[in-house]
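Enquirer: One file is attached below, final.cif, containing mmCIF, N, CA and C atoms and all ligand atoms.
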```cif
data_query
#
loop_
_atom_site.label_atom_id
_atom_site.label_comp_id
_atom_site.auth_asym_id
_atom_site.auth_seq_id
_atom_site.Cartn_x
_atom_site.Cartn_y
_atom_site.Cartn_z
N MET W 13 -11.20 20.16 -26.15
CA MET W 13 -12.21 21.22 -26.24
C MET W 13 -11.56 22.58 -26.06
N SER W 14 -12.11 23.57 -26.75
CA SER W 14 -11.56 24.92 -26.68
C SER W 14 -11.66 25.48 -25.27
N ASP W 15 -10.54 25.97 -24.74
CA ASP W 15 -10.53 26.52 -23.40
C ASP W 15 -10.68 28.04 -23.42
N THR W 16 -11.08 28.59 -24.55
CA THR W 16 -11.28 30.03 -24.63
C THR W 16 -12.61 30.41 -23.98
N ILE W 17 -12.78 31.69 -23.78
CA ILE W 17 -14.06 32.20 -23.26
C ILE W 17 -15.20 31.75 -24.16
N PHE W 18 -15.00 31.77 -25.46
CA PHE W 18 -16.10 31.40 -26.37
C PHE W 18 -16.38 29.90 -26.29
N GLY W 19 -15.34 29.08 -26.10
CA GLY W 19 -15.58 27.65 -25.89
C GLY W 19 -16.46 27.43 -24.67
N LYS W 20 -16.19 28.17 -23.62
CA LYS W 20 -16.98 28.03 -22.38
C LYS W 20 -18.42 28.51 -22.61
N ILE W 21 -18.58 29.59 -23.37
CA ILE W 21 -19.94 30.09 -23.67
C ILE W 21 -20.69 29.05 -24.50
N ILE W 22 -20.03 28.48 -25.49
CA ILE W 22 -20.68 27.47 -26.35
C ILE W 22 -21.12 26.28 -25.51
N ARG W 23 -20.30 25.89 -24.55
CA ARG W 23 -20.64 24.72 -23.71
C ARG W 23 -21.58 25.07 -22.55
N GLY W 24 -21.94 26.35 -22.44
CA GLY W 24 -22.87 26.75 -21.39
C GLY W 24 -22.20 26.91 -20.03
N GLU W 25 -20.87 26.98 -20.02
CA GLU W 25 -20.15 27.11 -18.75
C GLU W 25 -19.99 28.57 -18.31
N LEU W 26 -20.21 29.48 -19.25
CA LEU W 26 -20.18 30.92 -18.95
C LEU W 26 -21.46 31.53 -19.52
N PRO W 27 -22.04 32.50 -18.81
CA PRO W 27 -23.24 33.14 -19.35
C PRO W 27 -22.90 34.09 -20.48
N ALA W 28 -23.85 34.33 -21.35
CA ALA W 28 -23.68 35.29 -22.44
C ALA W 28 -25.05 35.75 -22.88
N ASP W 29 -25.09 36.93 -23.48
CA ASP W 29 -26.35 37.46 -24.00
C ASP W 29 -26.51 36.95 -25.43
N LYS W 30 -27.10 35.76 -25.58
CA LYS W 30 -27.22 35.12 -26.90
C LYS W 30 -28.33 35.77 -27.71
N VAL W 31 -28.02 36.03 -28.97
CA VAL W 31 -29.04 36.59 -29.87
C VAL W 31 -29.38 35.62 -30.99
N PHE W 32 -28.60 34.54 -31.12
CA PHE W 32 -28.86 33.52 -32.15
C PHE W 32 -28.12 32.25 -31.75
N GLU W 33 -28.75 31.11 -32.05
CA GLU W 33 -28.04 29.84 -31.87
C GLU W 33 -28.67 28.78 -32.76
N ASN W 34 -27.82 28.02 -33.45
CA ASN W 34 -28.28 26.79 -34.10
C ASN W 34 -27.19 25.74 -33.87
N GLU W 35 -27.22 24.64 -34.61
CA GLU W 35 -26.27 23.55 -34.33
C GLU W 35 -24.83 23.92 -34.65
N ASN W 36 -24.63 24.92 -35.50
CA ASN W 36 -23.28 25.27 -35.96
C ASN W 36 -22.73 26.57 -35.41
N ILE W 37 -23.60 27.46 -35.02
CA ILE W 37 -23.20 28.86 -34.75
C ILE W 37 -23.93 29.39 -33.52
N VAL W 38 -23.22 30.22 -32.76
CA VAL W 38 -23.87 31.01 -31.71
C VAL W 38 -23.50 32.47 -31.96
N ALA W 39 -24.41 33.38 -31.69
CA ALA W 39 -24.11 34.81 -31.77
C ALA W 39 -24.51 35.44 -30.44
N ILE W 40 -23.63 36.34 -29.97
CA ILE W 40 -23.83 36.98 -28.67
C ILE W 40 -23.59 38.47 -28.79
N LYS W 41 -24.06 39.21 -27.79
CA LYS W 41 -23.71 40.64 -27.71
C LYS W 41 -22.31 40.76 -27.13
N ASP W 42 -21.49 41.64 -27.73
CA ASP W 42 -20.15 41.87 -27.20
C ASP W 42 -20.27 42.54 -25.83
N ILE W 43 -19.46 42.09 -24.90
CA ILE W 43 -19.53 42.61 -23.53
C ILE W 43 -18.99 44.04 -23.43
N HIS W 44 -18.16 44.45 -24.37
CA HIS W 44 -17.64 45.82 -24.41
C HIS W 44 -17.95 46.43 -25.78
N PRO W 45 -19.21 46.77 -26.01
CA PRO W 45 -19.61 47.22 -27.36
C PRO W 45 -18.93 48.53 -27.76
N VAL W 46 -18.52 48.60 -29.02
CA VAL W 46 -17.91 49.83 -29.55
C VAL W 46 -18.91 50.65 -30.36
N ALA W 47 -20.15 50.15 -30.45
CA ALA W 47 -21.21 50.83 -31.19
C ALA W 47 -22.54 50.32 -30.62
N PRO W 48 -23.65 51.00 -30.94
CA PRO W 48 -24.94 50.55 -30.41
C PRO W 48 -25.26 49.09 -30.73
N VAL W 49 -24.84 48.64 -31.90
CA VAL W 49 -24.96 47.21 -32.25
C VAL W 49 -23.55 46.65 -32.35
N HIS W 50 -23.22 45.70 -31.51
CA HIS W 50 -21.92 45.02 -31.59
C HIS W 50 -22.15 43.58 -31.18
N LEU W 51 -22.23 42.72 -32.21
CA LEU W 51 -22.51 41.30 -32.00
C LEU W 51 -21.29 40.48 -32.41
N LEU W 52 -21.18 39.30 -31.85
CA LEU W 52 -20.10 38.37 -32.21
C LEU W 52 -20.74 37.10 -32.75
N ILE W 53 -20.33 36.72 -33.95
CA ILE W 53 -20.87 35.52 -34.61
C ILE W 53 -19.78 34.46 -34.54
N ILE W 54 -20.07 33.37 -33.85
CA ILE W 54 -19.03 32.43 -33.45
C ILE W 54 -19.41 31.02 -33.92
N PRO W 55 -18.52 30.35 -34.67
CA PRO W 55 -18.82 28.96 -35.03
C PRO W 55 -18.58 28.06 -33.82
N LYS W 56 -19.41 27.05 -33.67
CA LYS W 56 -19.19 26.12 -32.56
C LYS W 56 -17.94 25.28 -32.79
N LYS W 57 -17.61 25.05 -34.07
CA LYS W 57 -16.37 24.32 -34.38
C LYS W 57 -15.17 25.13 -33.89
N GLU W 58 -14.20 24.44 -33.33
CA GLU W 58 -13.01 25.12 -32.80
C GLU W 58 -12.04 25.45 -33.92
N ILE W 59 -12.13 26.67 -34.41
CA ILE W 59 -11.21 27.19 -35.42
C ILE W 59 -10.53 28.38 -34.76
N PRO W 60 -9.20 28.39 -34.61
CA PRO W 60 -8.58 29.47 -33.83
C PRO W 60 -8.66 30.84 -34.47
N ASP W 61 -8.59 30.90 -35.79
CA ASP W 61 -8.58 32.21 -36.46
C ASP W 61 -8.90 32.02 -37.93
N LEU W 62 -9.04 33.13 -38.64
CA LEU W 62 -9.43 33.05 -40.06
C LEU W 62 -8.38 32.32 -40.88
N GLN W 63 -7.12 32.52 -40.53
CA GLN W 63 -6.04 31.92 -41.30
C GLN W 63 -6.05 30.40 -41.21
N SER W 64 -6.73 29.86 -40.22
CA SER W 64 -6.82 28.40 -40.05
C SER W 64 -7.99 27.78 -40.80
N VAL W 65 -8.82 28.62 -41.43
CA VAL W 65 -9.97 28.11 -42.17
C VAL W 65 -9.48 27.32 -43.39
N THR W 66 -10.11 26.18 -43.65
CA THR W 66 -9.78 25.37 -44.82
C THR W 66 -11.03 25.25 -45.69
N PRO W 67 -10.87 24.72 -46.90
CA PRO W 67 -12.05 24.56 -47.76
C PRO W 67 -13.18 23.76 -47.10
N ALA W 68 -12.84 22.87 -46.17
CA ALA W 68 -13.88 22.10 -45.47
C ALA W 68 -14.79 23.01 -44.64
N ASP W 69 -14.31 24.22 -44.36
CA ASP W 69 -15.08 25.16 -43.53
C ASP W 69 -15.86 26.18 -44.36
N PHE W 70 -15.74 26.12 -45.67
CA PHE W 70 -16.32 27.20 -46.48
C PHE W 70 -17.84 27.30 -46.30
N ALA W 71 -18.52 26.15 -46.17
CA ALA W 71 -19.97 26.21 -45.97
C ALA W 71 -20.29 26.87 -44.63
N LEU W 72 -19.49 26.57 -43.63
CA LEU W 72 -19.69 27.17 -42.31
C LEU W 72 -19.47 28.68 -42.36
N ILE W 73 -18.42 29.11 -43.06
CA ILE W 73 -18.16 30.55 -43.18
C ILE W 73 -19.32 31.23 -43.90
N GLY W 74 -19.83 30.57 -44.93
CA GLY W 74 -21.00 31.12 -45.64
C GLY W 74 -22.20 31.22 -44.72
N GLU W 75 -22.38 30.23 -43.87
CA GLU W 75 -23.50 30.27 -42.92
C GLU W 75 -23.31 31.41 -41.92
N MET W 76 -22.06 31.67 -41.52
CA MET W 76 -21.80 32.80 -40.60
C MET W 76 -22.18 34.11 -41.28
N VAL W 77 -21.90 34.24 -42.56
CA VAL W 77 -22.27 35.45 -43.29
C VAL W 77 -23.79 35.57 -43.37
N SER W 78 -24.46 34.44 -43.61
CA SER W 78 -25.93 34.45 -43.66
C SER W 78 -26.51 34.87 -42.31
N VAL W 79 -25.95 34.36 -41.22
CA VAL W 79 -26.41 34.75 -39.88
C VAL W 79 -26.18 36.25 -39.68
N ALA W 80 -25.04 36.75 -40.15
CA ALA W 80 -24.77 38.19 -40.04
C ALA W 80 -25.84 38.99 -40.77
N GLN W 81 -26.22 38.56 -41.95
CA GLN W 81 -27.27 39.26 -42.71
C GLN W 81 -28.59 39.28 -41.92
N GLN W 82 -28.93 38.13 -41.37
CA GLN W 82 -30.19 38.03 -40.61
C GLN W 82 -30.16 38.93 -39.37
N LEU W 83 -29.01 38.95 -38.69
CA LEU W 83 -28.91 39.77 -37.48
C LEU W 83 -28.89 41.26 -37.83
N ALA W 84 -28.24 41.60 -38.94
CA ALA W 84 -28.24 43.00 -39.39
C ALA W 84 -29.68 43.47 -39.62
N GLU W 85 -30.47 42.58 -40.21
CA GLU W 85 -31.89 42.91 -40.44
C GLU W 85 -32.62 43.06 -39.10
N ARG W 86 -32.43 42.09 -38.22
CA ARG W 86 -33.16 42.09 -36.93
C ARG W 86 -32.76 43.28 -36.07
N PHE W 87 -31.49 43.69 -36.14
CA PHE W 87 -31.03 44.79 -35.29
C PHE W 87 -31.09 46.13 -36.01
N GLY W 88 -31.66 46.14 -37.22
CA GLY W 88 -31.97 47.40 -37.88
C GLY W 88 -30.79 48.16 -38.44
N VAL W 89 -29.77 47.43 -38.91
CA VAL W 89 -28.58 48.14 -39.39
C VAL W 89 -28.23 47.82 -40.85
N ILE W 90 -29.22 47.29 -41.61
CA ILE W 90 -28.86 46.86 -42.98
C ILE W 90 -28.37 48.01 -43.86
N GLU W 91 -28.69 49.26 -43.48
CA GLU W 91 -28.22 50.40 -44.29
C GLU W 91 -26.71 50.57 -44.19
N GLY W 92 -26.12 50.11 -43.08
CA GLY W 92 -24.67 50.29 -42.92
C GLY W 92 -24.17 49.55 -41.70
N TYR W 93 -23.33 48.58 -41.95
CA TYR W 93 -22.68 47.88 -40.83
C TYR W 93 -21.34 47.34 -41.30
N ARG W 94 -20.54 46.92 -40.34
CA ARG W 94 -19.22 46.39 -40.63
C ARG W 94 -19.16 44.97 -40.09
N LEU W 95 -18.63 44.04 -40.92
CA LEU W 95 -18.44 42.65 -40.51
C LEU W 95 -16.95 42.37 -40.62
N LEU W 96 -16.31 42.05 -39.50
CA LEU W 96 -14.85 41.91 -39.55
C LEU W 96 -14.36 40.86 -38.58
N THR W 97 -13.16 40.39 -38.85
CA THR W 97 -12.50 39.51 -37.90
C THR W 97 -11.06 39.98 -37.74
N ASN W 98 -10.55 39.91 -36.53
CA ASN W 98 -9.15 40.20 -36.26
C ASN W 98 -8.39 38.89 -36.31
N ASN W 99 -7.39 38.82 -37.18
CA ASN W 99 -6.59 37.59 -37.31
C ASN W 99 -5.21 37.83 -36.70
N GLY W 100 -4.99 37.26 -35.51
CA GLY W 100 -3.68 37.36 -34.87
C GLY W 100 -3.57 38.57 -33.94
N SER W 101 -2.67 38.45 -32.97
CA SER W 101 -2.50 39.50 -31.96
C SER W 101 -2.20 40.87 -32.56
N PRO W 102 -1.33 40.99 -33.58
CA PRO W 102 -1.04 42.32 -34.11
C PRO W 102 -2.28 43.01 -34.68
N ALA W 103 -3.26 42.21 -35.08
CA ALA W 103 -4.50 42.79 -35.62
C ALA W 103 -5.52 43.06 -34.52
N GLY W 104 -5.18 42.66 -33.28
CA GLY W 104 -6.09 42.92 -32.17
C GLY W 104 -6.87 41.72 -31.69
N GLN W 105 -6.57 40.53 -32.24
CA GLN W 105 -7.29 39.34 -31.77
C GLN W 105 -6.88 39.02 -30.33
N THR W 106 -7.87 38.84 -29.48
CA THR W 106 -7.61 38.52 -28.07
C THR W 106 -8.18 37.16 -27.68
N ILE W 107 -9.16 36.68 -28.43
CA ILE W 107 -9.76 35.37 -28.14
C ILE W 107 -9.53 34.49 -29.37
N PHE W 108 -8.81 33.39 -29.14
CA PHE W 108 -8.35 32.58 -30.28
C PHE W 108 -9.32 31.45 -30.57
N HIS W 109 -10.54 31.89 -30.83
CA HIS W 109 -11.62 31.06 -31.36
C HIS W 109 -12.31 31.97 -32.36
N LEU W 110 -12.31 31.58 -33.64
CA LEU W 110 -12.79 32.43 -34.72
C LEU W 110 -14.11 33.12 -34.36
N HIS W 111 -14.23 34.39 -34.70
CA HIS W 111 -15.48 35.12 -34.53
C HIS W 111 -15.50 36.31 -35.47
N PHE W 112 -16.70 36.61 -35.96
CA PHE W 112 -16.92 37.83 -36.75
C PHE W 112 -17.58 38.86 -35.85
N HIS W 113 -17.06 40.09 -35.88
CA HIS W 113 -17.72 41.21 -35.22
C HIS W 113 -18.73 41.82 -36.21
N LEU W 114 -19.95 42.01 -35.78
CA LEU W 114 -20.94 42.76 -36.56
C LEU W 114 -21.19 44.06 -35.81
N ILE W 115 -20.79 45.18 -36.44
CA ILE W 115 -20.78 46.48 -35.76
C ILE W 115 -21.61 47.47 -36.57
N GLY W 116 -22.51 48.18 -35.89
CA GLY W 116 -23.32 49.17 -36.58
C GLY W 116 -24.15 49.98 -35.60
N GLY W 117 -25.06 50.75 -36.16
CA GLY W 117 -25.96 51.54 -35.31
C GLY W 117 -25.48 52.96 -35.12
N ARG W 118 -24.34 53.29 -35.70
CA ARG W 118 -23.86 54.69 -35.73
C ARG W 118 -23.02 54.84 -36.99
N THR W 119 -22.70 56.07 -37.33
CA THR W 119 -21.80 56.28 -38.46
C THR W 119 -20.41 55.79 -38.06
N LEU W 120 -19.87 54.89 -38.87
CA LEU W 120 -18.59 54.28 -38.54
C LEU W 120 -17.46 55.07 -39.20
N GLY W 121 -16.41 55.27 -38.48
CA GLY W 121 -15.28 56.03 -39.02
C GLY W 121 -14.46 55.18 -39.98
N PRO W 122 -13.39 55.77 -40.50
CA PRO W 122 -12.54 55.02 -41.41
C PRO W 122 -11.87 53.86 -40.70
N MET W 123 -11.50 52.84 -41.45
CA MET W 123 -10.80 51.70 -40.88
C MET W 123 -9.39 52.12 -40.45
N ALA W 124 -8.92 51.52 -39.37
CA ALA W 124 -7.57 51.82 -38.90
C ALA W 124 -6.55 51.28 -39.89
P1 LIG W 201 -11.07 40.03 -30.57
O1 LIG W 201 -10.27 41.05 -29.80
O2 LIG W 201 -11.22 40.34 -32.03
O3 LIG W 201 -10.53 38.62 -30.32
O4 LIG W 201 -12.54 40.09 -30.01
C1 LIG W 201 -12.91 39.58 -28.76
C2 LIG W 201 -14.16 40.30 -28.34
O5 LIG W 201 -14.78 39.51 -27.32
C3 LIG W 201 -13.91 41.69 -27.73
O6 LIG W 201 -14.64 42.66 -28.49
C4 LIG W 201 -14.44 41.56 -26.31
O7 LIG W 201 -15.08 42.73 -25.85
C5 LIG W 201 -15.38 40.39 -26.41
N1 LIG W 201 -15.60 39.62 -25.18
C6 LIG W 201 -14.68 39.20 -24.29
N2 LIG W 201 -15.26 38.47 -23.32
C7 LIG W 201 -16.57 38.42 -23.61
C8 LIG W 201 -17.72 37.82 -22.98
N3 LIG W 201 -17.61 37.11 -21.85
N4 LIG W 201 -18.94 37.99 -23.55
C9 LIG W 201 -19.05 38.72 -24.69
N5 LIG W 201 -18.04 39.30 -25.33
C10 LIG W 201 -16.80 39.15 -24.81
#
```
If you convert what's in this file into structure tokens, what do you get?

Expert:
Amino acid sequence: MSDTIFGKIIRGELPADKVFENENIVAIKDIHPVAPVHLLIIPKKEIPDLQSVTPADFALIGEMVSVAQQLAERFGVIEGYRLLTNNGSPAGQTIFHLHFHLIGGRTLGPMA
């Protein structure tokens, strides 16, 4: 089982501010938000990063995008939001369980 913070949240061993959950995916509010809306969309399947995704996961990735669309609607940011993942430490990944950041609610600057 994943020993990351997100593995513990998925198993209910750590508290989190959940905004969505089904059998495949959980979404939570980021504990250190960089914008008024900063959500994390996390597959329950243990995938360490985007580079580890295989064709067997494509339906799951599509479902994560669908959840992002629904949350963007619910949190009122469909006019403009950013959906991203950091792959690997040099890109800023700190938790090695795949997750998409959904960021919005303010004008977003250029990408680094
Ligand atoms: P990354 O750096 O791309 O791996 O993203 C990890 C994100 O998880 C960061 O934005 C953190 O602020 C966030 N984070 C870390 N611990 C928690 C937690 N317990 N609950 C919610 N978000 C967290």

Enquirer: Could the residues of chain W that have an atom at most 6.5 Å from ligand LIG 201 (chain W) be listed as a tab-separated table, each with its closest atom pair and the distance in Å to one decimal, counting only N, CA and C atoms and all ligand atoms and ordered by chain and ascending residue number?

Expert:
```
residue	atom	partner	partner_atom	distance
W:Ile17	CA	W:LIG201	N3	6.2
W:Pro27	C	W:LIG201	N3	6.2
W:Ala28	CA	W:LIG201	N4	5.6
W:Asp29	N	W:LIG201	N4	6.2
W:Ile40	C	W:LIG201	C9	6.1
W:Lys41	C	W:LIG201	C9	4.6
W:Asp42	CA	W:LIG201	N5	3.8
W:Ile43	N	W:LIG201	N5	3.2
W:His44	N	W:LIG201	O7	3.8
W:Pro45	N	W:LIG201	O7	5.8
W:Thr97	C	W:LIG201	O2	5.7
W:Asn98	N	W:LIG201	O2	4.6
W:Gly104	C	W:LIG201	O1	3.9
W:Gln105	CA	W:LIG201	O3	3.6
W:Thr106	N	W:LIG201	O3	2.8
W:Ile107	N	W:LIG201	O3	3.0
W:Phe108	N	W:LIG201	O3	5.6
```

Enquirer: Quick one: distance from atom C of Glu35 (chain W) to CA of Phe70 (chain W) in Å, one decimal?

Expert: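 Those two atoms sit 14.9 Å apart.
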
Enquirer: Using all atoms listed in the file, which residue out of W:Ala47, W:Ile59, W:Ile37, W:Val79 lies closest to Gly116 (chain W)?

Expert: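 The answer is W:Ala47, which sits nearest to Gly116 (chain W).
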
Enquirer: Write out as a list in words the residues lying within 8 Å of region 71-75 of chain W, counting only N, CA and C atoms and excluding same-chain residues fewer than 6 positions away.

Expert: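 Near neighbours after the sequence-gap exclusion: Asn36, Ile37, Pro55 and Gln81 of chain W.
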
Enquirer: If we count all atoms listed in the file, what is near Ile54 (chain W) at a cut-off of 5 Å, once residues fewer than 4 positions away on the same chain are taken out, given as a CSV table (one decimal) with N, CA and C atoms, in the frame of the given file?

Expert:
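Output file selection_16.csv follows:
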```csv
chain,number,residue,atom,x,y,z
W,37,ILE,N,-23.6,27.5,-35.0
W,37,ILE,CA,-23.2,28.9,-34.8
W,37,ILE,C,-23.9,29.4,-33.5
W,38,VAL,N,-23.2,30.2,-32.8
W,38,VAL,CA,-23.9,31.0,-31.7
W,38,VAL,C,-23.5,32.5,-32.0
W,39,ALA,N,-24.4,33.4,-31.7
W,39,ALA,CA,-24.1,34.8,-31.8
W,39,ALA,C,-24.5,35.4,-30.4
W,111,HIS,N,-14.2,34.4,-34.7
W,111,HIS,CA,-15.5,35.1,-34.5
W,111,HIS,C,-15.5,36.3,-35.5
```

Enquirer: Quick one: residues within 12 Å of Val89 (chain W), only C-alpha atoms, excluding same-chain residues fewer than 2 positions away - as a PyMOL selection string?

Expert: chain W and resi 47-51+80-87+91-95+114-120

Enquirer: Distance CA of Met76 (chain W)-CA of Phe112 (chain W), one decimal place?

Expert: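 Separation of CA of Met76 (chain W) and CA of Phe112 (chain W): 8.0 Å.
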
Enquirer: Determine the nearest neighbour of Ser64 (chain W) from the options W:Phe18, W:Ser101, W:His109, W:Ser78, counting only C-alpha atoms.

Expert: W:His109

Enquirer: Could you tell me how far atom C of Lys56 (chain W) sits from atom N of Gly19 (chain W), in Å to one decimal place?

Expert: 8.1 Å

Enquirer: Any chance you could list, as number ranges by chain, the residues in region 23-99 of chain W that come up alpha helix (DSSP H) when DSSP is run on the backbone?

Expert: W: 70-86

Enquirer: If you run DSSP on this backbone, which residues of region 13-75 of chain W come out as strand (DSSP E or B), and could you give them as a PyMOL selection string?

Expert: chain W and resi 30-33+37-41+49-55
